[in-house]
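*Asks:* One file: query-v3.cif (mmCIF, N, CA and C atoms).
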```
data_target
loop_
_atom_site.group_PDB
_atom_site.id
_atom_site.type_symbol
_atom_site.label_atom_id
_atom_site.label_comp_id
_atom_site.auth_asym_id
_atom_site.auth_seq_id
_atom_site.Cartn_x
_atom_site.Cartn_y
_atom_site.Cartn_z
ATOM 1 N N MET A 1 -83.044 28.851 -44.441
ATOM 2 C CA MET A 1 -83.341 30.266 -44.358
ATOM 3 C C MET A 1 -84.061 30.671 -45.636
ATOM 4 N N THR A 2 -85.053 31.519 -45.507
ATOM 5 C CA THR A 2 -85.848 31.901 -46.664
ATOM 6 C C THR A 2 -85.103 32.914 -47.517
ATOM 7 N N ALA A 3 -85.552 33.031 -48.751
ATOM 8 C CA ALA A 3 -84.937 34.000 -49.662
ATOM 9 C C ALA A 3 -85.146 35.415 -49.155
ATOM 10 N N HIS A 4 -86.314 35.649 -48.534
ATOM 11 C CA HIS A 4 -86.612 36.982 -48.001
ATOM 12 C C HIS A 4 -85.638 37.357 -46.887
ATOM 13 N N ALA A 5 -85.268 36.389 -46.074
ATOM 14 C CA ALA A 5 -84.358 36.659 -44.960
ATOM 15 C C ALA A 5 -82.916 36.842 -45.428
ATOM 16 N N THR A 6 -82.552 36.270 -46.557
ATOM 17 C CA THR A 6 -81.173 36.367 -47.022
ATOM 18 C C THR A 6 -80.913 37.618 -47.853
ATOM 19 N N GLU A 7 -81.965 38.291 -48.311
ATOM 20 C CA GLU A 7 -81.769 39.482 -49.140
ATOM 21 C C GLU A 7 -80.973 40.573 -48.423
ATOM 22 N N PRO A 8 -81.315 40.937 -47.183
ATOM 23 C CA PRO A 8 -80.514 41.974 -46.502
ATOM 24 C C PRO A 8 -79.064 41.540 -46.310
ATOM 25 N N ARG A 9 -78.857 40.267 -46.020
ATOM 26 C CA ARG A 9 -77.501 39.762 -45.835
ATOM 27 C C ARG A 9 -76.716 39.848 -47.140
ATOM 28 N N ASP A 10 -77.363 39.498 -48.251
ATOM 29 C CA ASP A 10 -76.696 39.586 -49.551
ATOM 30 C C ASP A 10 -76.356 41.022 -49.901
ATOM 31 N N ARG A 11 -77.290 41.936 -49.608
ATOM 32 C CA ARG A 11 -77.011 43.355 -49.871
ATOM 33 C C ARG A 11 -75.846 43.844 -49.008
ATOM 34 N N LEU A 12 -75.808 43.419 -47.742
ATOM 35 C CA LEU A 12 -74.712 43.809 -46.857
ATOM 36 C C LEU A 12 -73.388 43.281 -47.384
ATOM 37 N N MET A 13 -73.371 42.042 -47.827
ATOM 38 C CA MET A 13 -72.145 41.454 -48.376
ATOM 39 C C MET A 13 -71.703 42.235 -49.610
ATOM 40 N N ASP A 14 -72.636 42.576 -50.486
ATOM 41 C CA ASP A 14 -72.302 43.359 -51.680
ATOM 42 C C ASP A 14 -71.764 44.735 -51.299
ATOM 43 N N ASP A 15 -72.391 45.362 -50.301
ATOM 44 C CA ASP A 15 -71.922 46.672 -49.850
ATOM 45 C C ASP A 15 -70.516 46.593 -49.266
ATOM 46 N N LEU A 16 -70.263 45.559 -48.479
ATOM 47 C CA LEU A 16 -68.928 45.403 -47.899
ATOM 48 C C LEU A 16 -67.877 45.174 -48.980
ATOM 49 N N ARG A 17 -68.225 44.388 -49.977
ATOM 50 C CA ARG A 17 -67.293 44.164 -51.086
ATOM 51 C C ARG A 17 -67.007 45.482 -51.810
ATOM 52 N N ALA A 18 -68.032 46.294 -51.992
ATOM 53 C CA ALA A 18 -67.858 47.583 -52.673
ATOM 54 C C ALA A 18 -66.981 48.511 -51.844
ATOM 55 N N VAL A 19 -67.178 48.535 -50.533
ATOM 56 C CA VAL A 19 -66.356 49.379 -49.661
ATOM 57 C C VAL A 19 -64.900 48.938 -49.719
ATOM 58 N N ILE A 20 -64.666 47.649 -49.680
ATOM 59 C CA ILE A 20 -63.298 47.132 -49.755
ATOM 60 C C ILE A 20 -62.662 47.510 -51.096
ATOM 61 N N ALA A 21 -63.405 47.342 -52.179
ATOM 62 C CA ALA A 21 -62.869 47.693 -53.503
ATOM 63 C C ALA A 21 -62.574 49.185 -53.592
ATOM 64 N N ASP A 22 -63.457 50.019 -53.060
ATOM 65 C CA ASP A 22 -63.230 51.467 -53.081
ATOM 66 C C ASP A 22 -62.012 51.850 -52.250
ATOM 67 N N ALA A 23 -61.873 51.240 -51.092
ATOM 68 C CA ALA A 23 -60.722 51.544 -50.234
ATOM 69 C C ALA A 23 -59.417 51.113 -50.906
ATOM 70 N N GLU A 24 -59.437 49.961 -51.574
ATOM 71 C CA GLU A 24 -58.238 49.520 -52.286
ATOM 72 C C GLU A 24 -57.896 50.477 -53.424
ATOM 73 N N GLU A 25 -58.913 50.954 -54.111
ATOM 74 C CA GLU A 25 -58.685 51.924 -55.191
ATOM 75 C C GLU A 25 -58.112 53.226 -54.620
ATOM 76 N N LEU A 26 -58.641 53.654 -53.497
ATOM 77 C CA LEU A 26 -58.138 54.863 -52.851
ATOM 78 C C LEU A 26 -56.673 54.697 -52.443
ATOM 79 N N LEU A 27 -56.337 53.534 -51.920
ATOM 80 C CA LEU A 27 -54.945 53.266 -51.562
ATOM 81 C C LEU A 27 -54.046 53.319 -52.792
ATOM 82 N N ALA A 28 -54.512 52.743 -53.884
ATOM 83 C CA ALA A 28 -53.714 52.747 -55.109
ATOM 84 C C ALA A 28 -53.518 54.162 -55.637
ATOM 85 N N LEU A 29 -54.561 54.980 -55.538
ATOM 86 C CA LEU A 29 -54.459 56.353 -56.050
ATOM 87 C C LEU A 29 -53.560 57.234 -55.188
ATOM 88 N N THR A 30 -53.425 56.903 -53.909
ATOM 89 C CA THR A 30 -52.623 57.740 -53.008
ATOM 90 C C THR A 30 -51.244 57.156 -52.729
ATOM 91 N N LYS A 31 -50.851 56.150 -53.482
ATOM 92 C CA LYS A 31 -49.558 55.514 -53.203
ATOM 93 C C LYS A 31 -48.372 56.455 -53.450
ATOM 94 N N ASP A 32 -48.563 57.471 -54.259
ATOM 95 C CA ASP A 32 -47.478 58.410 -54.547
ATOM 96 C C ASP A 32 -47.418 59.573 -53.552
ATOM 97 N N GLN A 33 -48.337 59.588 -52.600
ATOM 98 C CA GLN A 33 -48.340 60.649 -51.600
ATOM 99 C C GLN A 33 -47.105 60.514 -50.710
ATOM 100 N N ALA A 34 -46.460 61.616 -50.464
ATOM 101 C CA ALA A 34 -45.221 61.610 -49.692
ATOM 102 C C ALA A 34 -45.537 61.595 -48.203
ATOM 103 N N GLY A 35 -44.552 61.210 -47.468
ATOM 104 C CA GLY A 35 -44.665 61.276 -46.017
ATOM 105 C C GLY A 35 -44.663 59.901 -45.387
ATOM 106 N N GLU A 36 -43.934 59.810 -44.295
ATOM 107 C CA GLU A 36 -43.851 58.542 -43.579
ATOM 108 C C GLU A 36 -45.188 58.204 -42.925
ATOM 109 N N GLY A 37 -45.871 59.230 -42.412
ATOM 110 C CA GLY A 37 -47.177 59.008 -41.785
ATOM 111 C C GLY A 37 -48.186 58.455 -42.767
ATOM 112 N N ALA A 38 -48.197 58.979 -43.970
ATOM 113 C CA ALA A 38 -49.130 58.504 -44.989
ATOM 114 C C ALA A 38 -48.810 57.064 -45.373
ATOM 115 N N ALA A 39 -47.542 56.732 -45.457
ATOM 116 C CA ALA A 39 -47.138 55.362 -45.813
ATOM 117 C C ALA A 39 -47.569 54.375 -44.725
ATOM 118 N N ARG A 40 -47.371 54.754 -43.457
ATOM 119 C CA ARG A 40 -47.790 53.873 -42.351
ATOM 120 C C ARG A 40 -49.303 53.698 -42.340
ATOM 121 N N LEU A 41 -50.014 54.800 -42.578
ATOM 122 C CA LEU A 41 -51.467 54.727 -42.601
ATOM 123 C C LEU A 41 -51.944 53.817 -43.733
ATOM 124 N N ARG A 42 -51.345 53.936 -44.912
ATOM 125 C CA ARG A 42 -51.722 53.070 -46.029
ATOM 126 C C ARG A 42 -51.457 51.600 -45.691
ATOM 127 N N GLU A 43 -50.335 51.320 -45.046
ATOM 128 C CA GLU A 43 -50.020 49.937 -44.674
ATOM 129 C C GLU A 43 -51.047 49.385 -43.686
ATOM 130 N N ARG A 44 -51.410 50.203 -42.697
ATOM 131 C CA ARG A 44 -52.411 49.762 -41.712
ATOM 132 C C ARG A 44 -53.754 49.518 -42.373
ATOM 133 N N VAL A 45 -54.164 50.441 -43.241
ATOM 134 C CA VAL A 45 -55.452 50.291 -43.924
ATOM 135 C C VAL A 45 -55.427 49.065 -44.826
ATOM 136 N N GLN A 46 -54.325 48.867 -45.511
ATOM 137 C CA GLN A 46 -54.218 47.699 -46.394
ATOM 138 C C GLN A 46 -54.307 46.400 -45.588
ATOM 139 N N ALA A 47 -53.639 46.344 -44.454
ATOM 140 C CA ALA A 47 -53.694 45.145 -43.608
ATOM 141 C C ALA A 47 -55.123 44.904 -43.115
ATOM 142 N N ARG A 48 -55.798 45.965 -42.720
ATOM 143 C CA ARG A 48 -57.181 45.806 -42.245
ATOM 144 C C ARG A 48 -58.111 45.386 -43.372
ATOM 145 N N LEU A 49 -57.874 45.894 -44.564
ATOM 146 C CA LEU A 49 -58.690 45.490 -45.708
ATOM 147 C C LEU A 49 -58.500 44.013 -46.029
ATOM 148 N N LEU A 50 -57.269 43.547 -45.948
ATOM 149 C CA LEU A 50 -57.020 42.125 -46.204
ATOM 150 C C LEU A 50 -57.725 41.260 -45.169
ATOM 151 N N ARG A 51 -57.668 41.681 -43.887
ATOM 152 C CA ARG A 51 -58.371 40.930 -42.836
ATOM 153 C C ARG A 51 -59.871 40.962 -43.084
ATOM 154 N N ALA A 52 -60.401 42.130 -43.457
ATOM 155 C CA ALA A 52 -61.841 42.242 -43.717
ATOM 156 C C ALA A 52 -62.254 41.343 -44.875
ATOM 157 N N ARG A 53 -61.446 41.308 -45.919
ATOM 158 C CA ARG A 53 -61.762 40.452 -47.070
ATOM 159 C C ARG A 53 -61.748 38.977 -46.663
ATOM 160 N N ASP A 54 -60.763 38.587 -45.851
ATOM 161 C CA ASP A 54 -60.698 37.197 -45.382
ATOM 162 C C ASP A 54 -61.908 36.850 -44.519
ATOM 163 N N ARG A 55 -62.264 37.756 -43.612
ATOM 164 C CA ARG A 55 -63.412 37.502 -42.737
ATOM 165 C C ARG A 55 -64.704 37.451 -43.538
ATOM 166 N N LEU A 56 -64.821 38.287 -44.534
ATOM 167 C CA LEU A 56 -66.003 38.276 -45.387
ATOM 168 C C LEU A 56 -66.107 36.937 -46.120
ATOM 169 N N GLY A 57 -64.983 36.452 -46.608
ATOM 170 C CA GLY A 57 -64.980 35.142 -47.262
ATOM 171 C C GLY A 57 -65.344 34.031 -46.299
ATOM 172 N N ASP A 58 -64.815 34.100 -45.057
ATOM 173 C CA ASP A 58 -65.154 33.101 -44.044
ATOM 174 C C ASP A 58 -66.638 33.141 -43.712
ATOM 175 N N LEU A 59 -67.188 34.354 -43.596
ATOM 176 C CA LEU A 59 -68.606 34.502 -43.310
ATOM 177 C C LEU A 59 -69.452 33.915 -44.427
ATOM 178 N N GLN A 60 -69.043 34.161 -45.646
ATOM 179 C CA GLN A 60 -69.778 33.630 -46.786
ATOM 180 C C GLN A 60 -69.694 32.098 -46.807
ATOM 181 N N ASP A 61 -68.521 31.547 -46.539
ATOM 182 C CA ASP A 61 -68.373 30.092 -46.497
ATOM 183 C C ASP A 61 -69.227 29.486 -45.392
ATOM 184 N N SER A 62 -69.256 30.149 -44.238
ATOM 185 C CA SER A 62 -70.042 29.667 -43.106
ATOM 186 C C SER A 62 -71.531 29.681 -43.434
ATOM 187 N N ALA A 63 -71.994 30.750 -44.062
ATOM 188 C CA ALA A 63 -73.407 30.843 -44.435
ATOM 189 C C ALA A 63 -73.764 29.761 -45.449
ATOM 190 N N LEU A 64 -72.874 29.516 -46.385
ATOM 191 C CA LEU A 64 -73.120 28.486 -47.390
ATOM 192 C C LEU A 64 -73.184 27.107 -46.742
ATOM 193 N N GLU A 65 -72.303 26.851 -45.797
ATOM 194 C CA GLU A 65 -72.291 25.561 -45.104
ATOM 195 C C GLU A 65 -73.576 25.371 -44.290
ATOM 196 N N ARG A 66 -74.039 26.429 -43.617
ATOM 197 C CA ARG A 66 -75.291 26.322 -42.846
ATOM 198 C C ARG A 66 -76.479 26.085 -43.777
ATOM 199 N N ALA A 67 -76.473 26.725 -44.935
ATOM 200 C CA ALA A 67 -77.563 26.523 -45.893
ATOM 201 C C ALA A 67 -77.569 25.086 -46.407
ATOM 202 N N ARG A 68 -76.393 24.559 -46.664
ATOM 203 C CA ARG A 68 -76.313 23.159 -47.120
ATOM 204 C C ARG A 68 -76.810 22.210 -46.035
ATOM 205 N N ALA A 69 -76.415 22.476 -44.786
ATOM 206 C CA ALA A 69 -76.850 21.623 -43.677
ATOM 207 C C ALA A 69 -78.366 21.682 -43.517
ATOM 208 N N ALA A 70 -78.951 22.867 -43.675
ATOM 209 C CA ALA A 70 -80.407 22.996 -43.582
ATOM 210 C C ALA A 70 -81.082 22.241 -44.716
ATOM 211 N N GLY A 71 -80.503 22.287 -45.895
ATOM 212 C CA GLY A 71 -81.055 21.546 -47.026
ATOM 213 C C GLY A 71 -81.012 20.045 -46.809
ATOM 214 N N VAL A 72 -79.911 19.565 -46.271
ATOM 215 C CA VAL A 72 -79.784 18.131 -45.985
ATOM 216 C C VAL A 72 -80.788 17.724 -44.918
ATOM 217 N N ALA A 73 -80.941 18.550 -43.880
ATOM 218 C CA ALA A 73 -81.900 18.238 -42.811
ATOM 219 C C ALA A 73 -83.323 18.195 -43.359
ATOM 220 N N ALA A 74 -83.659 19.149 -44.219
ATOM 221 C CA ALA A 74 -85.001 19.163 -44.812
ATOM 222 C C ALA A 74 -85.212 17.938 -45.692
ATOM 223 N N ASP A 75 -84.205 17.570 -46.463
ATOM 224 C CA ASP A 75 -84.301 16.396 -47.320
ATOM 225 C C ASP A 75 -84.489 15.127 -46.486
ATOM 226 N N ASP A 76 -83.720 15.017 -45.405
ATOM 227 C CA ASP A 76 -83.858 13.854 -44.518
ATOM 228 C C ASP A 76 -85.256 13.801 -43.910
ATOM 229 N N TYR A 77 -85.767 14.946 -43.463
ATOM 230 C CA TYR A 77 -87.099 14.994 -42.857
ATOM 231 C C TYR A 77 -88.156 14.527 -43.850
ATOM 232 N N VAL A 78 -88.069 15.009 -45.079
ATOM 233 C CA VAL A 78 -89.064 14.640 -46.084
ATOM 234 C C VAL A 78 -88.983 13.153 -46.407
ATOM 235 N N HIS A 79 -87.768 12.596 -46.444
ATOM 236 C CA HIS A 79 -87.642 11.174 -46.734
ATOM 237 C C HIS A 79 -88.118 10.314 -45.571
ATOM 238 N N GLU A 80 -87.940 10.785 -44.350
ATOM 239 C CA GLU A 80 -88.366 10.013 -43.178
ATOM 240 C C GLU A 80 -89.870 10.144 -42.918
ATOM 241 N N ARG A 81 -90.447 11.272 -43.255
ATOM 242 C CA ARG A 81 -91.862 11.543 -42.971
ATOM 243 C C ARG A 81 -92.547 12.143 -44.209
ATOM 244 N N PRO A 82 -92.711 11.364 -45.255
ATOM 245 C CA PRO A 82 -93.251 11.937 -46.497
ATOM 246 C C PRO A 82 -94.683 12.461 -46.350
ATOM 247 N N TRP A 83 -95.532 11.754 -45.595
ATOM 248 C CA TRP A 83 -96.923 12.195 -45.492
ATOM 249 C C TRP A 83 -97.048 13.462 -44.661
ATOM 250 N N GLN A 84 -96.230 13.600 -43.648
ATOM 251 C CA GLN A 84 -96.244 14.838 -42.868
ATOM 252 C C GLN A 84 -95.781 16.010 -43.729
ATOM 253 N N ALA A 85 -94.773 15.764 -44.557
ATOM 254 C CA ALA A 85 -94.272 16.815 -45.443
ATOM 255 C C ALA A 85 -95.337 17.231 -46.440
ATOM 256 N N VAL A 86 -96.082 16.257 -46.973
ATOM 257 C CA VAL A 86 -97.163 16.572 -47.911
ATOM 258 C C VAL A 86 -98.252 17.367 -47.202
ATOM 259 N N GLY A 87 -98.577 16.984 -45.984
ATOM 260 C CA GLY A 87 -99.593 17.702 -45.208
ATOM 261 C C GLY A 87 -99.180 19.137 -44.918
ATOM 262 N N ILE A 88 -97.929 19.319 -44.540
ATOM 263 C CA ILE A 88 -97.423 20.667 -44.265
ATOM 264 C C ILE A 88 -97.466 21.511 -45.534
ATOM 265 N N ALA A 89 -97.013 20.939 -46.639
ATOM 266 C CA ALA A 89 -97.021 21.673 -47.912
ATOM 267 C C ALA A 89 -98.447 22.037 -48.314
ATOM 268 N N ALA A 90 -99.399 21.125 -48.115
ATOM 269 C CA ALA A 90 -100.792 21.408 -48.455
ATOM 270 C C ALA A 90 -101.335 22.523 -47.568
ATOM 271 N N GLY A 91 -101.022 22.477 -46.291
ATOM 272 C CA GLY A 91 -101.476 23.516 -45.373
ATOM 273 C C GLY A 91 -100.923 24.886 -45.740
ATOM 274 N N VAL A 92 -99.647 24.934 -46.072
ATOM 275 C CA VAL A 92 -99.034 26.195 -46.484
ATOM 276 C C VAL A 92 -99.687 26.684 -47.778
ATOM 277 N N GLY A 93 -99.957 25.777 -48.690
ATOM 278 C CA GLY A 93 -100.609 26.149 -49.945
ATOM 279 C C GLY A 93 -102.005 26.722 -49.717
ATOM 280 N N VAL A 94 -102.755 26.123 -48.790
ATOM 281 C CA VAL A 94 -104.097 26.626 -48.471
ATOM 282 C C VAL A 94 -104.001 28.023 -47.869
ATOM 283 N N LEU A 95 -103.078 28.220 -46.953
ATOM 284 C CA LEU A 95 -102.903 29.539 -46.333
ATOM 285 C C LEU A 95 -102.537 30.603 -47.365
ATOM 286 N N ILE A 96 -101.622 30.272 -48.248
ATOM 287 C CA ILE A 96 -101.231 31.220 -49.292
ATOM 288 C C ILE A 96 -102.412 31.516 -50.209
ATOM 289 N N GLY A 97 -103.172 30.471 -50.543
ATOM 290 C CA GLY A 97 -104.364 30.668 -51.377
ATOM 291 C C GLY A 97 -105.384 31.575 -50.708
ATOM 292 N N LEU A 98 -105.582 31.399 -49.413
ATOM 293 C CA LEU A 98 -106.532 32.255 -48.685
ATOM 294 C C LEU A 98 -106.036 33.697 -48.660
ATOM 295 N N LEU A 99 -104.762 33.894 -48.440
ATOM 296 C CA LEU A 99 -104.218 35.240 -48.391
ATOM 297 C C LEU A 99 -104.311 35.933 -49.749
ATOM 298 N N ILE A 100 -104.037 35.195 -50.789
ATOM 299 C CA ILE A 100 -104.122 35.772 -52.135
ATOM 300 C C ILE A 100 -105.571 36.046 -52.501
ATOM 301 N N GLY A 101 -106.461 35.169 -52.082
ATOM 302 C CA GLY A 101 -107.882 35.326 -52.388
ATOM 303 C C GLY A 101 -108.512 36.519 -51.687
ATOM 304 N N ARG A 102 -107.941 36.961 -50.589
ATOM 305 C CA ARG A 102 -108.504 38.098 -49.840
ATOM 306 C C ARG A 102 -108.219 39.416 -50.529
ATOM 307 N N ARG A 103 -107.289 39.467 -51.428
ATOM 308 C CA ARG A 103 -106.919 40.732 -52.090
ATOM 309 C C ARG A 103 -107.897 41.096 -53.099
#
```
What would you get if you wrote out this structure as structure tokens?
*Replies:*
Amino acid sequence: MTAHATEPRDRLMDDLRAVIADAEELLALTKDQAGEGAARLRERVQARLLRARDRLGDLQDSALERARAAGVAADDYVHERPWQAVGIAAGVGVLIGLLIGRR
């Protein structure tokens, strides 16, 4: 996956982490609030935050594993077909050069 394609995903992950941290801070600040309803609500929110944090970690691990697998596949391809890889790289370089030259 390209760096350009991962930027929105990274921003989303950062935003989710910030939301979780803010919600945890809010729970900590309201822990002295009285009432059985408020206590139950805090417990439910805390449980959901823990699940969200776990799922976020799983998602991050999964993305990292897919990136590693793509890297291994690319490495294998280049080792099995070095001249094709050189040709592809040269073609991409020519295209980028043409695009930059048009500006």
*Asks:* Please determine an axis-aligned box that encloses all atoms of region 18-34 of chain A listed in the file, with 8 Å added on each side, and express its centre and edge lengths in Å to one decimal as lines of an AutoDock Vina configuration file.
*Replies:*
```
center_x = -56.6
center_y = 54.0
center_z = -52.1
size_x = 38.8
size_y = 31.3
size_z = 23.8
```
*Asks:* Find the distance between CA of Arg42 (chain A) and CA of Leu27 (chain A) and write it in Å to one decimal.
*Replies:*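 Answer for the CA of Arg42 (chain A) to CA of Leu27 (chain A) separation: 6.4 Å.
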*Asks:* Go ahead and compute the interatomic distance for CA of Leu16 (chain A) and CA of Ala52 (chain A), in Å to one decimal.
*Replies:*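 Separation between CA of Leu16 (chain A) and CA of Ala52 (chain A): 8.8 Å.
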*Asks:* Can you tell me how far CA of Asp54 (chain A) sits from CA of Asp15 (chain A), in Å to one decimal?
*Replies:*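 Those two atoms sit 15.4 Å apart.
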*Asks:* Would you mind telling me which residue in A:Asp58, A:Glu25, A:Val92, A:Arg66 lies nearest to Gln46 (chain A) when using only C-alpha atoms?
*Replies:*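 Closest to Gln46 (chain A), using only C-alpha atoms: A:Glu25.
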*Asks:* For Leu56 (chain A), which residue out of A:Ile100, A:Val78, A:Val94, A:Met13 is the nearest one, using only N, CA and C atoms?
*Replies:*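 Closest to Leu56 (chain A), using only N, CA and C atoms: A:Met13.
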